[in-house]
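K.L.:
Structure file query_18.txt (compact mmCIF, C-alpha atoms) right here:
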```
# COMPACT_ATOMS: atom_id res chain seq x y z
CA MET A 1 0.00 0.00 0.00
CA ASP A 2 1.24 3.50 -0.85
CA LYS A 3 1.92 5.88 2.04
CA ILE A 4 1.33 9.60 2.38
CA LEU A 5 3.27 11.55 4.98
CA THR A 6 1.30 14.41 6.48
CA LEU A 7 3.16 16.94 8.61
CA LEU A 8 1.09 18.49 11.38
CA ASP A 9 1.92 21.26 13.83
CA GLY A 10 -1.40 22.26 15.34
CA SER A 11 -1.64 25.45 13.26
CA ALA A 12 -4.80 26.88 11.69
CA TYR A 13 -3.92 24.91 8.55
CA SER A 14 -3.81 21.50 10.21
CA GLU A 15 -7.48 20.62 9.84
CA SER A 16 -7.43 21.49 6.13
CA VAL A 17 -4.25 19.43 5.74
CA CYS A 18 -6.10 16.44 7.22
CA HIS A 19 -9.11 16.83 4.93
CA HIS A 20 -6.92 17.14 1.82
CA THR A 21 -4.77 14.22 2.92
CA ALA A 22 -7.78 11.97 3.40
CA TRP A 23 -9.07 12.95 -0.06
CA ILE A 24 -5.74 11.99 -1.64
CA ALA A 25 -5.40 8.80 0.43
CA LYS A 26 -8.81 7.52 -0.67
CA LYS A 27 -7.99 8.15 -4.33
CA LEU A 28 -4.65 6.35 -4.05
CA ASN A 29 -5.86 3.67 -1.63
CA ALA A 30 -2.92 4.80 0.48
CA SER A 31 -2.20 4.72 4.19
CA VAL A 32 -1.38 7.91 6.07
CA GLU A 33 1.66 8.52 8.24
CA ALA A 34 0.70 11.49 10.44
CA MET A 35 3.80 13.10 11.93
CA HIS A 36 4.37 15.82 14.51
CA VAL A 37 7.94 16.84 15.24
CA LEU A 38 8.93 18.40 18.55
CA GLY A 39 11.64 20.96 17.91
CA ARG A 40 14.85 20.72 19.86
CA ARG A 41 13.88 23.82 21.82
CA GLU A 42 10.50 22.49 22.94
CA GLY A 43 10.96 21.55 26.56
CA ALA A 44 14.71 22.14 26.29
CA GLU A 45 16.76 23.55 29.09
CA THR A 46 16.19 27.26 29.60
CA THR A 47 18.89 29.90 29.89
CA ASP A 48 20.66 29.73 33.24
CA LEU A 49 19.54 32.87 35.03
CA SER A 50 21.20 31.93 38.31
CA GLY A 51 24.75 33.06 37.60
CA ALA A 52 24.50 36.23 39.71
CA LEU A 53 22.88 34.48 42.66
CA ARG A 54 24.72 33.21 45.70
CA LEU A 55 24.61 30.34 48.16
CA GLY A 56 21.24 28.68 48.76
CA ALA A 57 19.31 31.01 46.46
CA ARG A 58 21.23 29.70 43.45
CA SER A 59 20.62 26.05 44.30
CA ALA A 60 16.93 26.66 44.93
CA LEU A 61 16.49 28.44 41.59
CA LEU A 62 18.32 25.69 39.71
CA LYS A 63 15.90 23.14 41.16
CA GLN A 64 12.94 25.26 40.12
CA LEU A 65 14.31 25.68 36.61
CA ALA A 66 14.89 21.95 36.30
CA THR A 67 11.30 21.31 37.39
CA LEU A 68 9.99 23.82 34.86
CA ASP A 69 12.07 22.24 32.09
CA GLU A 70 10.61 18.84 32.90
CA GLN A 71 7.07 20.24 32.93
CA ARG A 72 7.59 22.01 29.58
CA ALA A 73 8.91 18.82 28.01
CA LYS A 74 5.91 16.84 29.27
CA LEU A 75 3.48 19.52 28.04
CA ALA A 76 5.11 19.64 24.60
CA GLN A 77 4.86 15.86 24.32
CA ALA A 78 1.24 15.86 25.49
CA LYS A 79 0.42 18.58 22.96
CA GLY A 80 2.06 16.54 20.20
CA HIS A 81 0.03 13.45 21.09
CA ALA A 82 -3.17 15.55 21.18
CA ILE A 83 -2.45 17.02 17.72
CA LEU A 84 -1.92 13.55 16.28
CA GLU A 85 -4.99 12.04 17.93
CA ASP A 86 -7.18 14.88 16.67
CA ALA A 87 -5.71 14.46 13.19
CA LYS A 88 -6.39 10.72 13.24
CA ALA A 89 -10.03 11.36 14.14
CA ILE A 90 -10.47 13.74 11.19
CA LEU A 91 -8.63 11.47 8.75
CA GLU A 92 -10.64 8.40 9.71
CA GLN A 93 -13.91 10.32 9.65
CA ASP A 94 -13.06 11.42 6.11
CA GLY A 95 -12.47 7.83 5.05
CA ALA A 96 -8.71 7.25 5.38
CA SER A 97 -8.51 3.53 6.04
CA VAL A 98 -5.08 3.27 7.72
CA VAL A 99 -3.61 6.05 9.86
CA ASN A 100 -0.31 5.65 11.71
CA LEU A 101 0.90 8.26 14.19
CA ARG A 102 4.52 9.38 14.55
CA LEU A 103 5.77 11.73 17.28
CA ARG A 104 9.41 12.70 16.77
CA ARG A 105 11.87 15.08 18.41
CA GLY A 106 14.62 16.97 16.60
CA ASP A 107 14.95 18.49 13.17
CA LEU A 108 11.99 18.19 10.79
CA LEU A 109 14.10 17.34 7.74
CA ASP A 110 15.87 14.54 9.62
CA ALA A 111 12.50 13.12 10.65
CA VAL A 112 11.22 13.25 7.07
CA ARG A 113 14.35 11.62 5.68
CA GLU A 114 13.76 8.62 7.95
CA VAL A 115 10.57 7.75 6.07
CA GLU A 116 10.95 9.45 2.68
CA ASN A 117 11.97 6.29 0.81
CA ASP A 118 8.69 4.65 1.82
CA ILE A 119 6.25 7.45 0.99
CA ARG A 120 4.56 8.61 -2.20
CA ALA A 121 3.91 12.23 -1.26
CA ILE A 122 4.05 14.80 1.54
CA THR A 123 1.15 17.00 2.63
CA MET A 124 1.52 20.07 4.82
CA GLY A 125 0.15 23.57 5.38
CA LYS A 126 1.41 26.83 3.92
CA ARG A 127 2.32 28.23 7.30
CA GLY A 128 2.95 26.97 10.79
CA GLU A 129 1.74 27.77 14.28
CA GLY A 130 2.40 31.49 13.82
CA ALA A 131 0.12 31.68 10.77
CA ASP A 132 -2.18 34.27 12.32
CA PHE A 133 0.76 36.47 13.27
CA ALA A 134 2.89 36.06 10.13
CA THR A 135 0.44 36.22 7.25
CA GLY A 136 3.06 37.85 5.04
CA HIS A 137 5.46 34.91 5.26
CA LEU A 138 5.47 31.27 4.33
CA GLY A 139 6.42 28.77 6.95
CA SER A 140 10.16 28.18 7.02
CA ASN A 141 9.57 24.43 7.24
CA LEU A 142 7.57 24.53 3.99
CA GLU A 143 10.44 26.13 2.10
CA ARG A 144 12.92 23.63 3.55
CA ILE A 145 10.73 20.67 2.61
CA VAL A 146 10.08 21.93 -0.94
CA ARG A 147 13.79 22.44 -1.57
CA THR A 148 14.87 19.00 -0.32
CA SER A 149 11.97 16.60 -0.84
CA LYS A 150 12.31 13.80 -3.38
CA VAL A 151 8.54 13.26 -3.58
CA PRO A 152 5.66 15.58 -4.55
CA VAL A 153 4.64 18.10 -1.91
CA PHE A 154 0.97 19.03 -1.54
CA VAL A 155 0.66 22.43 0.13
CA ALA A 156 -2.80 22.74 1.64
CA SER A 157 -4.74 25.99 1.74
CA ARG A 158 -6.26 27.25 4.97
CA GLU A 159 -9.77 26.15 4.04
CA PHE A 160 -10.68 22.80 2.51
CA ARG A 161 -13.01 22.52 -0.44
CA PRO A 162 -13.57 19.65 -2.88
CA ILE A 163 -11.16 19.61 -5.82
CA ALA A 164 -12.59 19.31 -9.33
CA LYS A 165 -10.84 21.93 -11.48
CA VAL A 166 -7.03 21.93 -11.79
CA LEU A 167 -4.68 24.55 -13.25
CA PHE A 168 -1.37 23.01 -14.35
CA ALA A 169 1.39 25.58 -14.98
CA TYR A 170 3.54 23.81 -17.57
CA ASP A 171 6.88 24.99 -18.98
CA ASP A 172 8.36 21.81 -20.51
CA SER A 173 11.10 21.74 -17.87
CA PRO A 174 12.35 18.43 -16.43
CA SER A 175 10.27 18.81 -13.26
CA ALA A 176 7.19 19.77 -15.31
CA LYS A 177 7.67 16.64 -17.43
CA VAL A 178 7.90 14.60 -14.24
CA ALA A 179 4.61 16.18 -13.20
CA VAL A 180 2.95 15.09 -16.46
CA ASP A 181 4.26 11.55 -16.06
CA ARG A 182 3.12 11.30 -12.45
CA MET A 183 -0.28 12.84 -13.17
CA SER A 184 -0.80 10.43 -16.09
CA THR A 185 -0.42 7.42 -13.83
CA SER A 186 -2.14 8.80 -10.74
CA PRO A 187 -5.75 7.94 -9.81
CA VAL A 188 -5.93 11.38 -8.17
CA PHE A 189 -6.52 13.08 -11.55
CA THR A 190 -8.76 10.56 -13.29
CA ASP A 191 -12.01 12.42 -12.62
CA LEU A 192 -10.62 15.98 -12.55
CA ASP A 193 -10.70 18.68 -15.21
CA VAL A 194 -7.11 19.76 -15.93
CA CYS A 195 -6.26 23.02 -17.71
CA VAL A 196 -2.65 23.01 -18.96
CA LEU A 197 -1.35 26.57 -19.06
CA CYS A 198 1.83 27.58 -20.85
CA ILE A 199 3.03 31.15 -20.36
CA GLY A 200 5.21 32.92 -22.93
CA ASN A 201 5.33 35.51 -25.68
CA ASP A 202 5.95 33.02 -28.51
CA THR A 203 2.37 31.91 -29.22
CA ASP A 204 3.24 29.04 -31.55
CA ARG A 205 5.79 27.63 -29.14
CA THR A 206 3.56 27.94 -26.07
CA GLN A 207 0.66 26.30 -27.90
CA ALA A 208 2.86 23.40 -28.97
CA THR A 209 4.27 23.04 -25.46
CA ALA A 210 0.86 23.01 -23.81
CA GLY A 211 -0.51 20.70 -26.50
CA SER A 212 2.18 18.08 -25.88
CA ALA A 213 1.27 17.88 -22.20
CA VAL A 214 -2.46 17.75 -22.97
CA GLU A 215 -1.92 14.90 -25.43
CA LYS A 216 -0.10 12.81 -22.83
CA LEU A 217 -2.76 13.45 -20.20
CA ARG A 218 -5.59 12.63 -22.59
CA SER A 219 -3.85 9.39 -23.58
CA ALA A 220 -4.20 8.45 -19.89
CA ASN A 221 -7.96 9.22 -20.03
CA ILE A 222 -7.60 12.46 -18.08
CA THR A 223 -9.82 15.34 -19.13
CA ALA A 224 -7.36 18.04 -20.21
CA SER A 225 -7.36 21.24 -22.27
CA ALA A 226 -4.60 23.58 -23.43
CA ARG A 227 -4.32 27.28 -22.75
CA THR A 228 -1.65 29.93 -23.38
CA ALA A 229 -1.02 33.37 -21.96
CA ALA A 230 1.58 36.12 -22.05
CA GLY A 231 2.86 38.09 -19.09
CA GLU A 232 4.51 37.54 -15.74
CA PRO A 233 3.70 34.03 -14.45
CA GLU A 234 2.81 35.13 -10.92
CA GLU A 235 0.34 37.72 -12.22
CA VAL A 236 -1.22 35.42 -14.83
CA LEU A 237 -1.60 32.50 -12.44
CA GLY A 238 -2.91 34.66 -9.64
CA LYS A 239 -5.64 36.18 -11.83
CA LEU A 240 -6.72 32.84 -13.31
CA VAL A 241 -6.98 31.21 -9.91
CA SER A 242 -8.98 34.12 -8.52
CA ASN A 243 -11.28 34.66 -11.48
CA GLU A 244 -11.98 31.19 -12.87
CA GLY A 245 -12.60 28.99 -9.85
CA PHE A 246 -9.66 26.60 -9.99
CA ASP A 247 -9.37 24.32 -6.96
CA LEU A 248 -5.73 23.21 -7.26
CA LEU A 249 -2.55 24.65 -8.80
CA VAL A 250 -0.01 22.09 -10.05
CA MET A 251 3.52 22.94 -11.13
CA GLY A 252 7.03 21.60 -11.36
CA ALA A 253 9.16 22.76 -8.45
CA TYR A 254 12.02 23.73 -10.76
CA GLY A 255 11.86 25.07 -14.30
CA HIS A 256 14.01 26.65 -16.97
CA SER A 257 11.64 29.51 -17.76
CA ARG A 258 10.35 32.44 -15.71
CA ILE A 259 8.21 29.98 -13.75
CA ARG A 260 11.48 28.88 -12.08
CA ARG A 261 11.39 32.12 -10.08
CA LEU A 262 8.10 31.04 -8.51
CA ILE A 263 9.95 28.42 -6.51
CA ILE A 264 13.52 29.67 -6.34
CA GLY A 265 13.72 33.21 -5.01
CA SER A 266 11.34 35.69 -3.50
CA THR A 267 8.52 34.99 -5.95
CA THR A 268 8.05 31.56 -4.38
CA THR A 269 6.60 33.24 -1.33
CA ALA A 270 4.51 35.64 -3.39
CA MET A 271 2.89 32.92 -5.48
CA ILE A 272 1.95 30.46 -2.78
CA GLN A 273 0.77 33.30 -0.54
CA THR A 274 -1.33 34.88 -3.27
CA VAL A 275 -3.42 31.90 -4.29
CA LYS A 276 -6.09 30.75 -1.86
CA ILE A 277 -6.04 27.19 -3.15
CA PRO A 278 -3.71 24.22 -2.57
CA VAL A 279 -0.50 23.94 -4.58
CA LEU A 280 0.97 20.60 -5.67
CA LEU A 281 4.69 20.71 -6.42
CA TYR A 282 6.60 18.04 -8.37
CA ARG A 283 10.36 17.61 -8.65
```
The structure in this file should be written as structure tokens.
P.N.:
Amino acid sequence: MDKILTLLDGSAYSESVCHHTAWIAKKLNASVEAMHVLGRREGAETTDLSGALRLGARSALLKQLATLDEQRAKLAQAKGHAILEDAKAILEQDGASVVNLRLRRGDLLDAVREVENDIRAITMGKRGEGADFATGHLGSNLERIVRTSKVPVFVASREFRPIAKVLFAYDDSPSAKVAVDRMSTSPVFTDLDVCVLCIGNDTDRTQATAGSAVEKLRSANITASARTAAGEPEEVLGKLVSNEGFDLLVMGAYGHSRIRRLIIGSTTTAMIQTVKIPVLLYR
């Protein structure tokens, strides 16, 4: 059975991540590995504030600090278990048949690498626990995962809604070709309407590029249509998503055209922030 790794942190995005993950898991008949990672600082020893104290006062404070450290560690672990149990309830209610829970401590990337060879995809939210206080920034963990992951990364939006209409930003790059190949063999896209968009000023070339992707998708019995546009990719994609009711944006994580700047560089943040729908990234 295929496995999907879902990364959960208790943020405002976590419930949507669970709903999207269950939707994908049912389509793939995949199990779900739900993971919460306790950072090294959660429950870690606090700064020693006792250096200026003398005699018994110092010893007493050290004991209090040690007690507080132990309590913080226990609370962080209890919170992690609660996040995972809540996630399991949502996933199973949505129809995910097998849900395994993983609570880890340490660096997120190290925890992901432990299981990456056994998973088909990663799902996570756009931002972490500080989402309500840092709406102008993507979560740092998201950027780290996107840059290092060997499997597709599904970036969930804050609100879940059923996915029926897909916008695929295609630029004929190696990662975009990987996306076409994976989409063509994935049950996730069999009943979805996929619009393949190629952005560029050379109309003939963009039409041919989009057409080649559409042909491959149609040969896999996926409903697909071609579309071209000129302009800056972030502006074109943002307007289409906002104005035409797309439910999912798909793109290669790395490209050789201007779309490359959507993932590498500051425009990465701008694009994923701008659209209010999930983004699926292939490498």
K.L.:
Show me the residues around (12.9, 21.3, 0.2) - criterion: an atom at most 12 Å away, all atoms listed in the file counted - as a list in words.
P.N.:
Leu108, Leu109, Asp110, Val112, Arg113, Ile122, Gly139, Ser140, Asn141, Leu142, Glu143, Arg144, Ile145, Val146, Arg147, Thr148, Ser149, Lys150, Val151, Pro152, Val153, Ala253, Tyr254, Ile263, Ile264, Leu281, Tyr282 and Arg283 of chain A
K.L.:
Could you tell me how far CA of Glu116 in chain A sits from CA of Val32 in chain A, in Å to one decimal place?
P.N.:
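That distance, rounded to one decimal, is 12.9 Å.
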K.L.:
Of the residues A:Val98, A:Leu167, A:Leu249, A:Leu62, which is the one nearest to Arg227 in chain A, using all atoms listed in the file?
P.N.:
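With all atoms listed in the file as the atom set, the closest residue is A:Leu167.
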K.L.:
Given only C-alpha atoms as the basis, pick out the residue of A:Ser186, A:Lys3, A:Val99, A:Ile199 nearest to Glu235 in chain A.
P.N.:
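With only C-alpha atoms as the atom set, the closest residue is A:Ile199.
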K.L.:
Any idea what's packed within 12 Å of range 218-223 of chain A, counting all atoms listed in the file, ignoring anything in its chain fewer than 4 positions away? Could you give it as a ChimeraX atom specification?
P.N.:
/A:164-166,180-196,211-214
K.L.:
Name the closest residue to Leu7 in chain A among the candidates A:Thr21, A:Asn29, A:Thr123, A:Ser59; distances are taken between atoms, counting all atoms listed in the file.
P.N.:
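Smallest separation from Leu7 in chain A among the options: A:Thr123.
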K.L.:
What does the distance between CA of Glu33 in chain A and CA of Ile90 in chain A come to in Å, to one decimal place?
P.N.:
13.5 Å
K.L.:
With only C-alpha atoms as the atoms that count, which of A:Ser242, A:Thr228, A:Ser11, A:Asn201 lies nearest to Lys276 in chain A?
P.N.:
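Looking only at the distances to Lys276 in chain A, the closest residue turns out to be A:Ser242.
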K.L.:
So which residues fall inside 12 Å of (-0.2, 35.6, -25.0) if we count only C-alpha atoms? Mind giving them as a PDB file with C-alpha atoms, keeping the file's coordinate frame?
P.N.:
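Result went into point_17.pdb, see below:
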```pdb
ATOM      1  CA  LEU A 197      -1.350  26.570 -19.060  1.00  0.00           C
ATOM      2  CA  CYS A 198       1.830  27.580 -20.850  1.00  0.00           C
ATOM      3  CA  ILE A 199       3.030  31.150 -20.360  1.00  0.00           C
ATOM      4  CA  GLY A 200       5.210  32.920 -22.930  1.00  0.00           C
ATOM      5  CA  ASN A 201       5.330  35.510 -25.680  1.00  0.00           C
ATOM      6  CA  ASP A 202       5.950  33.020 -28.510  1.00  0.00           C
ATOM      7  CA  THR A 203       2.370  31.910 -29.220  1.00  0.00           C
ATOM      8  CA  ASP A 204       3.240  29.040 -31.550  1.00  0.00           C
ATOM      9  CA  ARG A 205       5.790  27.630 -29.140  1.00  0.00           C
ATOM     10  CA  THR A 206       3.560  27.940 -26.070  1.00  0.00           C
ATOM     11  CA  GLN A 207       0.660  26.300 -27.900  1.00  0.00           C
ATOM     12  CA  ARG A 227      -4.320  27.280 -22.750  1.00  0.00           C
ATOM     13  CA  THR A 228      -1.650  29.930 -23.380  1.00  0.00           C
ATOM     14  CA  ALA A 229      -1.020  33.370 -21.960  1.00  0.00           C
ATOM     15  CA  ALA A 230       1.580  36.120 -22.050  1.00  0.00           C
ATOM     16  CA  GLY A 231       2.860  38.090 -19.090  1.00  0.00           C
ATOM     17  CA  GLU A 232       4.510  37.540 -15.740  1.00  0.00           C
ATOM     18  CA  PRO A 233       3.700  34.030 -14.450  1.00  0.00           C
ATOM     19  CA  VAL A 236      -1.220  35.420 -14.830  1.00  0.00           C
TER      20      VAL A 236
END
```
K.L.:
Residues at most 8 Å from Gly125 in chain A, counting only C-alpha atoms, excluding those fewer than 5 positions away in the same chain, as a list of chain:residue names?
P.N.:
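Contacts, with the query itself left out: A:Leu7, A:Leu8, A:Tyr13, A:Ser14, A:Ser16, A:Val17, A:Leu142, A:Val155, A:Ala156, A:Ser157, A:Arg158.
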K.L.:
Deliver the residues from the most recent selection as a file, using C-alpha atoms, as a PDB file, keeping the file's coordinate frame.
P.N.:
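To be explicit, this is the file written out as part37.pdb:
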```pdb
ATOM      1  CA  LEU A   7       3.160  16.940   8.610  1.00  0.00           C
ATOM      2  CA  LEU A   8       1.090  18.490  11.380  1.00  0.00           C
ATOM      3  CA  TYR A  13      -3.920  24.910   8.550  1.00  0.00           C
ATOM      4  CA  SER A  14      -3.810  21.500  10.210  1.00  0.00           C
ATOM      5  CA  SER A  16      -7.430  21.490   6.130  1.00  0.00           C
ATOM      6  CA  VAL A  17      -4.250  19.430   5.740  1.00  0.00           C
ATOM      7  CA  LEU A 142       7.570  24.530   3.990  1.00  0.00           C
ATOM      8  CA  VAL A 155       0.660  22.430   0.130  1.00  0.00           C
ATOM      9  CA  ALA A 156      -2.800  22.740   1.640  1.00  0.00           C
ATOM     10  CA  SER A 157      -4.740  25.990   1.740  1.00  0.00           C
ATOM     11  CA  ARG A 158      -6.260  27.250   4.970  1.00  0.00           C
TER      12      ARG A 158
END
```
K.L.:
Just give me the gap between CA of Ala176 in chain A and CA of Ser225 in chain A in Å, one decimal is fine.
P.N.:
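So the answer is 16.2 Å.
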K.L.:
Here is a test: counting all atoms listed in the file, which residue of A:Gln77, A:Asn100, A:Gln71, A:Ser175 is nearest to Ala30 in chain A?
P.N.:
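Looking only at the distances to Ala30 in chain A, the closest residue turns out to be A:Asn100.
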K.L.:
May I have the residues within 12 Å of Ala89 in chain A as an MDAnalysis selection string, using only C-alpha atoms and disregarding those fewer than 3 positions away in the same chain?
P.N.:
chainID A and resid 15 18:19 22 34 82:86 92:101
K.L.:
Kindly list the centre and edge lengths in Å, rounded to one decimal, for the axis-aligned box that covers all listed atoms of range 216-223 of chain A plus 5 Å on each of its six sides, as lines of an AutoDock Vina configuration file.
P.N.:
```
center_x = -5.0
center_y = 11.9
center_z = -20.8
size_x = 19.7
size_y = 16.9
size_z = 15.5
```
K.L.:
For Glu114 in chain A, which residue among A:Tyr170, A:Arg102, A:Ala25, A:Ala73 is the nearest when counting all atoms listed in the file?
P.N.:
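Using all atoms listed in the file, Glu114 in chain A sits closest to A:Arg102.
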K.L.:
Using the incomplete input, complete range 214-245 of chain A to the level of N, CA and C atoms; output as an mmCIF file, keeping the file's coordinate frame.
P.N.:
```
data_model
loop_
_atom_site.group_PDB
_atom_site.id
_atom_site.type_symbol
_atom_site.label_atom_id
_atom_site.label_comp_id
_atom_site.auth_asym_id
_atom_site.auth_seq_id
_atom_site.Cartn_x
_atom_site.Cartn_y
_atom_site.Cartn_z
ATOM 1 N N VAL A 214 -1.045 18.138 -22.891
ATOM 2 C CA VAL A 214 -2.460 17.750 -22.970
ATOM 3 C C VAL A 214 -2.593 16.390 -23.652
ATOM 4 N N GLU A 215 -1.832 16.177 -24.700
ATOM 5 C CA GLU A 215 -1.920 14.900 -25.430
ATOM 6 C C GLU A 215 -1.557 13.732 -24.523
ATOM 7 N N LYS A 216 -0.511 13.901 -23.712
ATOM 8 C CA LYS A 216 -0.100 12.810 -22.830
ATOM 9 C C LYS A 216 -1.158 12.558 -21.750
ATOM 10 N N LEU A 217 -1.736 13.622 -21.215
ATOM 11 C CA LEU A 217 -2.760 13.450 -20.200
ATOM 12 C C LEU A 217 -4.013 12.796 -20.784
ATOM 13 N N ARG A 218 -4.408 13.221 -21.956
ATOM 14 C CA ARG A 218 -5.590 12.630 -22.590
ATOM 15 C C ARG A 218 -5.371 11.163 -22.923
ATOM 16 N N SER A 219 -4.138 10.803 -23.271
ATOM 17 C CA SER A 219 -3.850 9.390 -23.580
ATOM 18 C C SER A 219 -4.012 8.523 -22.335
ATOM 19 N N ALA A 220 -3.980 9.167 -21.156
ATOM 20 C CA ALA A 220 -4.200 8.450 -19.890
ATOM 21 C C ALA A 220 -5.647 8.614 -19.415
ATOM 22 N N ASN A 221 -6.528 9.040 -20.322
ATOM 23 C CA ASN A 221 -7.960 9.220 -20.030
ATOM 24 C C ASN A 221 -8.229 10.284 -18.980
ATOM 25 N N ILE A 222 -7.378 11.305 -18.950
ATOM 26 C CA ILE A 222 -7.600 12.460 -18.080
ATOM 27 C C ILE A 222 -8.174 13.589 -18.918
ATOM 28 N N THR A 223 -9.215 14.211 -18.433
ATOM 29 C CA THR A 223 -9.820 15.340 -19.130
ATOM 30 C C THR A 223 -8.874 16.528 -19.051
ATOM 31 N N ALA A 224 -8.362 16.974 -20.203
ATOM 32 C CA ALA A 224 -7.360 18.040 -20.210
ATOM 33 C C ALA A 224 -7.584 18.961 -21.393
ATOM 34 N N SER A 225 -7.266 20.243 -21.203
ATOM 35 C CA SER A 225 -7.360 21.240 -22.270
ATOM 36 C C SER A 225 -6.138 22.138 -22.205
ATOM 37 N N ALA A 226 -5.783 22.731 -23.343
ATOM 38 C CA ALA A 226 -4.600 23.580 -23.430
ATOM 39 C C ALA A 226 -4.986 25.052 -23.392
ATOM 40 N N ARG A 227 -4.086 25.847 -22.811
ATOM 41 C CA ARG A 227 -4.320 27.280 -22.750
ATOM 42 C C ARG A 227 -2.964 27.989 -22.743
ATOM 43 N N THR A 228 -2.886 29.148 -23.375
ATOM 44 C CA THR A 228 -1.650 29.930 -23.380
ATOM 45 C C THR A 228 -1.937 31.343 -22.894
ATOM 46 N N ALA A 229 -0.890 31.993 -22.422
ATOM 47 C CA ALA A 229 -1.020 33.370 -21.960
ATOM 48 C C ALA A 229 0.346 34.025 -21.998
ATOM 49 N N ALA A 230 0.349 35.346 -22.109
ATOM 50 C CA ALA A 230 1.580 36.120 -22.050
ATOM 51 C C ALA A 230 1.575 36.952 -20.783
ATOM 52 N N GLY A 231 2.772 37.269 -20.286
ATOM 53 C CA GLY A 231 2.860 38.090 -19.090
ATOM 54 C C GLY A 231 3.723 37.448 -18.017
ATOM 55 N N GLU A 232 3.751 38.079 -16.865
ATOM 56 C CA GLU A 232 4.510 37.540 -15.740
ATOM 57 C C GLU A 232 3.744 36.375 -15.123
ATOM 58 N N PRO A 233 4.405 35.228 -14.936
ATOM 59 C CA PRO A 233 3.700 34.030 -14.450
ATOM 60 C C PRO A 233 2.914 34.254 -13.174
ATOM 61 N N GLU A 234 3.515 34.967 -12.194
ATOM 62 C CA GLU A 234 2.810 35.130 -10.920
ATOM 63 C C GLU A 234 1.530 35.928 -11.084
ATOM 64 N N GLU A 235 1.534 36.907 -11.999
ATOM 65 C CA GLU A 235 0.340 37.720 -12.220
ATOM 66 C C GLU A 235 -0.723 36.921 -12.981
ATOM 67 N N VAL A 236 -0.281 36.205 -14.017
ATOM 68 C CA VAL A 236 -1.220 35.420 -14.830
ATOM 69 C C VAL A 236 -1.874 34.333 -13.990
ATOM 70 N N LEU A 237 -1.065 33.595 -13.251
ATOM 71 C CA LEU A 237 -1.600 32.500 -12.440
ATOM 72 C C LEU A 237 -2.511 33.021 -11.343
ATOM 73 N N GLY A 238 -2.094 34.100 -10.701
ATOM 74 C CA GLY A 238 -2.910 34.660 -9.640
ATOM 75 C C GLY A 238 -4.292 35.078 -10.119
ATOM 76 N N LYS A 239 -4.354 35.725 -11.284
ATOM 77 C CA LYS A 239 -5.640 36.180 -11.830
ATOM 78 C C LYS A 239 -6.518 35.000 -12.238
ATOM 79 N N LEU A 240 -5.929 34.001 -12.878
ATOM 80 C CA LEU A 240 -6.720 32.840 -13.310
ATOM 81 C C LEU A 240 -7.311 32.101 -12.118
ATOM 82 N N VAL A 241 -6.498 31.911 -11.097
ATOM 83 C CA VAL A 241 -6.980 31.210 -9.910
ATOM 84 C C VAL A 241 -8.120 31.985 -9.256
ATOM 85 N N SER A 242 -7.967 33.293 -9.174
ATOM 86 C CA SER A 242 -8.980 34.120 -8.520
ATOM 87 C C SER A 242 -10.265 34.233 -9.322
ATOM 88 N N ASN A 243 -10.128 34.323 -10.642
ATOM 89 C CA ASN A 243 -11.280 34.660 -11.480
ATOM 90 C C ASN A 243 -12.017 33.458 -12.072
ATOM 91 N N GLU A 244 -11.373 32.295 -12.122
ATOM 92 C CA GLU A 244 -11.980 31.190 -12.870
ATOM 93 C C GLU A 244 -12.239 29.953 -12.032
ATOM 94 N N GLY A 245 -12.136 30.060 -10.730
ATOM 95 C CA GLY A 245 -12.600 28.990 -9.850
ATOM 96 C C GLY A 245 -11.793 27.714 -9.867
#
```
